[in-house]
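Peer 1: Below is the file coords.cif, with mmCIF, C-alpha atoms and all ligand atoms.
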data_model
#
loop_
_atom_site.group_PDB
_atom_site.id
_atom_site.type_symbol
_atom_site.label_atom_id
_atom_site.label_comp_id
_atom_site.auth_asym_id
_atom_site.auth_seq_id
_atom_site.Cartn_x
_atom_site.Cartn_y
_atom_site.Cartn_z
ATOM 1 C CA MET W 1 -19.332 -8.249 -11.228
ATOM 2 C CA ARG W 2 -17.098 -10.231 -9.004
ATOM 3 C CA THR W 3 -17.651 -10.468 -5.314
ATOM 4 C CA GLU W 4 -14.855 -11.710 -3.167
ATOM 5 C CA ARG W 5 -15.957 -12.765 0.218
ATOM 6 C CA GLU W 6 -12.611 -13.868 1.490
ATOM 7 C CA THR W 7 -10.174 -11.137 2.080
ATOM 8 C CA ARG W 8 -6.964 -12.014 0.363
ATOM 9 C CA SER W 9 -4.838 -9.200 1.430
ATOM 10 C CA LYS W 10 -1.187 -8.895 0.802
ATOM 11 C CA PHE W 11 1.656 -7.075 2.316
ATOM 12 C CA ILE W 12 3.750 -5.175 -0.118
ATOM 13 C CA MET W 13 7.008 -3.359 0.201
ATOM 14 C CA VAL W 14 7.058 0.083 -1.330
ATOM 15 C CA LYS W 15 9.672 2.722 -1.738
ATOM 16 C CA CYS W 16 8.847 6.325 -1.080
ATOM 17 C CA ASN W 17 9.248 8.489 -4.177
ATOM 18 C CA ASP W 18 10.568 11.356 -2.157
ATOM 19 C CA CYS W 19 12.989 9.994 0.382
ATOM 20 C CA GLU W 20 13.596 6.387 -0.786
ATOM 21 C CA ASN W 21 12.457 4.977 2.505
ATOM 22 C CA GLU W 22 11.342 1.380 2.139
ATOM 23 C CA GLN W 23 8.237 0.436 4.015
ATOM 24 C CA VAL W 24 5.911 -2.530 4.249
ATOM 25 C CA ILE W 25 2.243 -1.699 3.813
ATOM 26 C CA PHE W 26 -1.023 -3.546 3.469
ATOM 27 C CA ASP W 27 -2.559 -3.582 -0.008
ATOM 28 C CA HIS W 28 -6.105 -3.621 1.314
ATOM 29 C CA ALA W 29 -5.556 -0.716 3.600
ATOM 30 C CA SER W 30 -8.729 0.978 4.726
ATOM 31 C CA THR W 31 -6.852 4.036 5.782
ATOM 32 C CA SER W 32 -4.119 5.841 3.928
ATOM 33 C CA ALA W 33 -0.535 5.015 4.801
ATOM 34 C CA LYS W 34 2.176 7.569 5.014
ATOM 35 C CA CYS W 35 5.909 7.380 4.775
ATOM 36 C CA ASN W 36 7.431 7.018 8.214
ATOM 37 C CA VAL W 37 10.240 9.339 7.301
ATOM 38 C CA CYS W 38 8.852 12.243 5.269
ATOM 39 C CA GLY W 39 5.098 11.853 5.654
ATOM 40 C CA ARG W 40 4.320 11.451 1.948
ATOM 41 C CA THR W 41 1.141 9.493 1.240
ATOM 42 C CA LEU W 42 2.126 6.061 -0.026
ATOM 43 C CA VAL W 43 -1.260 4.438 -0.331
ATOM 44 C CA VAL W 44 -4.860 5.615 -0.391
ATOM 45 C CA PRO W 45 -7.916 3.418 0.149
ATOM 46 C CA LYS W 46 -10.019 2.873 -2.977
ATOM 47 C CA GLY W 47 -13.102 0.768 -2.562
ATOM 48 C CA GLY W 48 -11.521 -2.182 -0.805
ATOM 49 C CA LYS W 49 -8.221 -2.295 -2.594
ATOM 50 C CA ALA W 50 -5.705 0.354 -1.947
ATOM 51 C CA GLU W 51 -4.215 2.563 -4.605
ATOM 52 C CA ILE W 52 -0.468 2.525 -4.413
ATOM 53 C CA ARG W 53 1.122 5.888 -4.919
ATOM 54 C CA SER W 54 4.723 4.822 -4.695
ATOM 55 C CA ARG W 55 7.009 2.229 -6.203
ATOM 56 C CA VAL W 56 6.292 -1.375 -5.339
ATOM 57 C CA ILE W 57 9.474 -3.274 -4.617
ATOM 58 C CA LYS W 58 8.252 -6.567 -3.338
ATOM 59 C CA VAL W 59 4.986 -8.407 -2.825
ATOM 60 C CA PHE W 60 4.659 -10.890 0.021
ATOM 61 C CA GLU W 61 2.274 -13.603 -1.138
HETATM 62 ZN ZN ZN S 101 9.384 9.385 2.361
#
Could I get this file's structure written as structure tokens?
Ligand SMILES: [Zn+2]

Peer 2:
Amino acid sequence: MRTERETRSKFIMVKCNDCENEQVIFDHASTSAKCNVCGRTLVVPKGGKAEIRSRVIKVFE
């Protein structure tokens, strides 16, 4: 089991599956993120790392 003390979070750009809106979200989101345009859930929190429920376009390292 790996424990990561430092939080290496990234910002990622995703594209909404429904309305094609591109949005930058946090990949360690502790709350779910919704599309600013149509309200579709783009990311849900899953034990520290978020589960992306849309297409990832770009990752900002
Ligand atoms: Zn949308």

Peer 1: For this file, the PyMOL selection byres (((chain W and resi 16) around 10) and not hetatm) selects which residues, as a list in words?

Peer 2: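 Checking the PyMOL selection byres (((chain W and resi 16) around 10) and not hetatm) against this file, the residues are Met13, Val14, Lys15, Asn17, Asp18, Cys19, Glu20, Asn21, Glu22, Gln23, Lys34, Cys35, Asn36, Val37, Cys38, Gly39, Arg40, Thr41, Leu42, Arg53, Ser54, Arg55 and Val56 of chain W.
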
Peer 1: Check what the PyMOL selection byres (((chain W and resi 12) around 6) and not hetatm) selects in the file above and give those residues as a count of residues only.

Peer 2: 7

Peer 1: Can you tell me, as a PyMOL selection string, what residues are no more than 6 Å from W:Ser32 when counting all atoms listed in the file, ignoring any on the same chain fewer than 2 positions away?

Peer 2: chain W and resi 43-45

Peer 1: Running the PyMOL selection byres (((chain W and resi 48) around 9) and not hetatm) on this model by hand, what would come out? Give it as a list in words.

Peer 2: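 Matching residues under the PyMOL selection byres (((chain W and resi 48) around 9) and not hetatm) are His28, Ala29, Ser30, Pro45, Lys46, Gly47, Lys49 and Ala50 of chain W.
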
Peer 1: Box for stretch 52-61 of chain W - axis-aligned, 4 Å on each of the six sides, all listed atoms - centre and size in Å to one decimal, as JSON.

Peer 2:
{"center_x": 4.5, "center_y": -3.9, "center_z": -3.1, "size_x": 17.9, "size_y": 27.5, "size_z": 14.2}

Peer 1: Need the neighbours of (-5.7, -8.4, 4.7): which residues are at most 7 Å away, counting only C-alpha atoms, as an mmCIF file with C-alpha atoms, in the coordinates of the input?

Peer 2:
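Dumped to selection-v6.cif:
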data_model
loop_
_atom_site.group_PDB
_atom_site.id
_atom_site.type_symbol
_atom_site.label_atom_id
_atom_site.label_comp_id
_atom_site.auth_asym_id
_atom_site.auth_seq_id
_atom_site.Cartn_x
_atom_site.Cartn_y
_atom_site.Cartn_z
ATOM 1 C CA THR W 7 -10.174 -11.137 2.080
ATOM 2 C CA ARG W 8 -6.964 -12.014 0.363
ATOM 3 C CA SER W 9 -4.838 -9.200 1.430
ATOM 4 C CA LYS W 10 -1.187 -8.895 0.802
ATOM 5 C CA PHE W 26 -1.023 -3.546 3.469
ATOM 6 C CA HIS W 28 -6.105 -3.621 1.314
#

Peer 1: What would stretch 27-59 of chain W look like with N, CA and C atoms restored, written as an mmCIF file, keeping the file's coordinate frame?

Peer 2:
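Contents of the output file selection-v8.cif:
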data_model
loop_
_atom_site.group_PDB
_atom_site.id
_atom_site.type_symbol
_atom_site.label_atom_id
_atom_site.label_comp_id
_atom_site.auth_asym_id
_atom_site.auth_seq_id
_atom_site.Cartn_x
_atom_site.Cartn_y
_atom_site.Cartn_z
ATOM 1 N N ASP W 27 -1.958 -4.033 1.246
ATOM 2 C CA ASP W 27 -2.559 -3.582 -0.008
ATOM 3 C C ASP W 27 -4.079 -3.459 0.044
ATOM 4 N N HIS W 28 -4.680 -3.841 1.146
ATOM 5 C CA HIS W 28 -6.105 -3.621 1.314
ATOM 6 C C HIS W 28 -6.328 -2.636 2.457
ATOM 7 N N ALA W 29 -5.469 -1.686 2.524
ATOM 8 C CA ALA W 29 -5.556 -0.716 3.600
ATOM 9 C C ALA W 29 -6.869 0.044 3.547
ATOM 10 N N SER W 30 -7.482 0.224 4.687
ATOM 11 C CA SER W 30 -8.729 0.978 4.726
ATOM 12 C C SER W 30 -8.466 2.426 5.133
ATOM 13 N N THR W 31 -7.255 2.667 5.499
ATOM 14 C CA THR W 31 -6.852 4.036 5.782
ATOM 15 C C THR W 31 -5.586 4.314 4.986
ATOM 16 N N SER W 32 -5.304 5.540 4.708
ATOM 17 C CA SER W 32 -4.119 5.841 3.928
ATOM 18 C C SER W 32 -2.865 5.635 4.773
ATOM 19 N N ALA W 33 -1.799 5.234 4.104
ATOM 20 C CA ALA W 33 -0.535 5.015 4.801
ATOM 21 C C ALA W 33 0.455 6.070 4.362
ATOM 22 N N LYS W 34 1.197 6.538 5.315
ATOM 23 C CA LYS W 34 2.176 7.569 5.014
ATOM 24 C C LYS W 34 3.583 7.092 5.274
ATOM 25 N N CYS W 35 4.502 7.693 4.580
ATOM 26 C CA CYS W 35 5.909 7.380 4.775
ATOM 27 C C CYS W 35 6.307 7.723 6.202
ATOM 28 N N ASN W 36 7.012 6.797 6.829
ATOM 29 C CA ASN W 36 7.431 7.018 8.214
ATOM 30 C C ASN W 36 8.480 8.108 8.338
ATOM 31 N N VAL W 37 9.152 8.378 7.248
ATOM 32 C CA VAL W 37 10.240 9.339 7.301
ATOM 33 C C VAL W 37 9.788 10.750 6.919
ATOM 34 N N CYS W 38 9.184 10.892 5.737
ATOM 35 C CA CYS W 38 8.852 12.243 5.269
ATOM 36 C C CYS W 38 7.366 12.566 5.295
ATOM 37 N N GLY W 39 6.518 11.572 5.528
ATOM 38 C CA GLY W 39 5.098 11.853 5.654
ATOM 39 C C GLY W 39 4.341 11.846 4.338
ATOM 40 N N ARG W 40 5.002 11.517 3.239
ATOM 41 C CA ARG W 40 4.320 11.451 1.948
ATOM 42 C C ARG W 40 3.294 10.320 1.956
ATOM 43 N N THR W 41 2.161 10.532 1.306
ATOM 44 C CA THR W 41 1.141 9.493 1.240
ATOM 45 C C THR W 41 1.582 8.398 0.285
ATOM 46 N N LEU W 42 1.657 7.188 0.779
ATOM 47 C CA LEU W 42 2.126 6.061 -0.026
ATOM 48 C C LEU W 42 0.976 5.257 -0.591
ATOM 49 N N VAL W 43 -0.121 5.224 0.110
ATOM 50 C CA VAL W 43 -1.260 4.438 -0.331
ATOM 51 C C VAL W 43 -2.565 5.083 0.143
ATOM 52 N N VAL W 44 -3.558 5.076 -0.756
ATOM 53 C CA VAL W 44 -4.860 5.615 -0.391
ATOM 54 C C VAL W 44 -5.917 4.533 -0.603
ATOM 55 N N PRO W 45 -6.876 4.437 0.283
ATOM 56 C CA PRO W 45 -7.916 3.418 0.149
ATOM 57 C C PRO W 45 -8.838 3.722 -1.021
ATOM 58 N N LYS W 46 -9.144 2.700 -1.804
ATOM 59 C CA LYS W 46 -10.019 2.873 -2.977
ATOM 60 C C LYS W 46 -10.961 1.702 -3.096
ATOM 61 N N GLY W 47 -12.079 1.797 -2.464
ATOM 62 C CA GLY W 47 -13.102 0.768 -2.562
ATOM 63 C C GLY W 47 -12.612 -0.641 -2.303
ATOM 64 N N GLY W 48 -11.979 -0.849 -1.173
ATOM 65 C CA GLY W 48 -11.521 -2.182 -0.805
ATOM 66 C C GLY W 48 -10.055 -2.383 -1.062
ATOM 67 N N LYS W 49 -9.640 -2.143 -2.293
ATOM 68 C CA LYS W 49 -8.221 -2.295 -2.594
ATOM 69 C C LYS W 49 -7.578 -0.926 -2.561
ATOM 70 N N ALA W 50 -6.375 -0.916 -2.077
ATOM 71 C CA ALA W 50 -5.705 0.354 -1.947
ATOM 72 C C ALA W 50 -4.999 0.757 -3.237
ATOM 73 N N GLU W 51 -4.938 2.048 -3.454
ATOM 74 C CA GLU W 51 -4.215 2.563 -4.605
ATOM 75 C C GLU W 51 -2.806 2.943 -4.166
ATOM 76 N N ILE W 52 -1.854 2.302 -4.797
ATOM 77 C CA ILE W 52 -0.468 2.525 -4.413
ATOM 78 C C ILE W 52 0.071 3.764 -5.111
ATOM 79 N N ARG W 53 0.595 4.656 -4.337
ATOM 80 C CA ARG W 53 1.122 5.888 -4.919
ATOM 81 C C ARG W 53 2.633 5.978 -4.744
ATOM 82 N N SER W 54 3.273 4.830 -4.786
ATOM 83 C CA SER W 54 4.723 4.822 -4.695
ATOM 84 C C SER W 54 5.207 3.581 -5.421
ATOM 85 N N ARG W 55 6.482 3.378 -5.481
ATOM 86 C CA ARG W 55 7.009 2.229 -6.203
ATOM 87 C C ARG W 55 6.900 0.955 -5.390
ATOM 88 N N VAL W 56 6.382 -0.083 -6.022
ATOM 89 C CA VAL W 56 6.292 -1.375 -5.339
ATOM 90 C C VAL W 56 7.586 -2.138 -5.575
ATOM 91 N N ILE W 57 8.199 -2.566 -4.519
ATOM 92 C CA ILE W 57 9.474 -3.274 -4.617
ATOM 93 C C ILE W 57 9.280 -4.760 -4.515
ATOM 94 N N LYS W 58 8.409 -5.155 -3.628
ATOM 95 C CA LYS W 58 8.252 -6.567 -3.338
ATOM 96 C C LYS W 58 6.831 -6.844 -2.872
ATOM 97 N N VAL W 59 6.305 -8.006 -3.283
ATOM 98 C CA VAL W 59 4.986 -8.407 -2.825
ATOM 99 C C VAL W 59 5.136 -9.686 -2.024
#
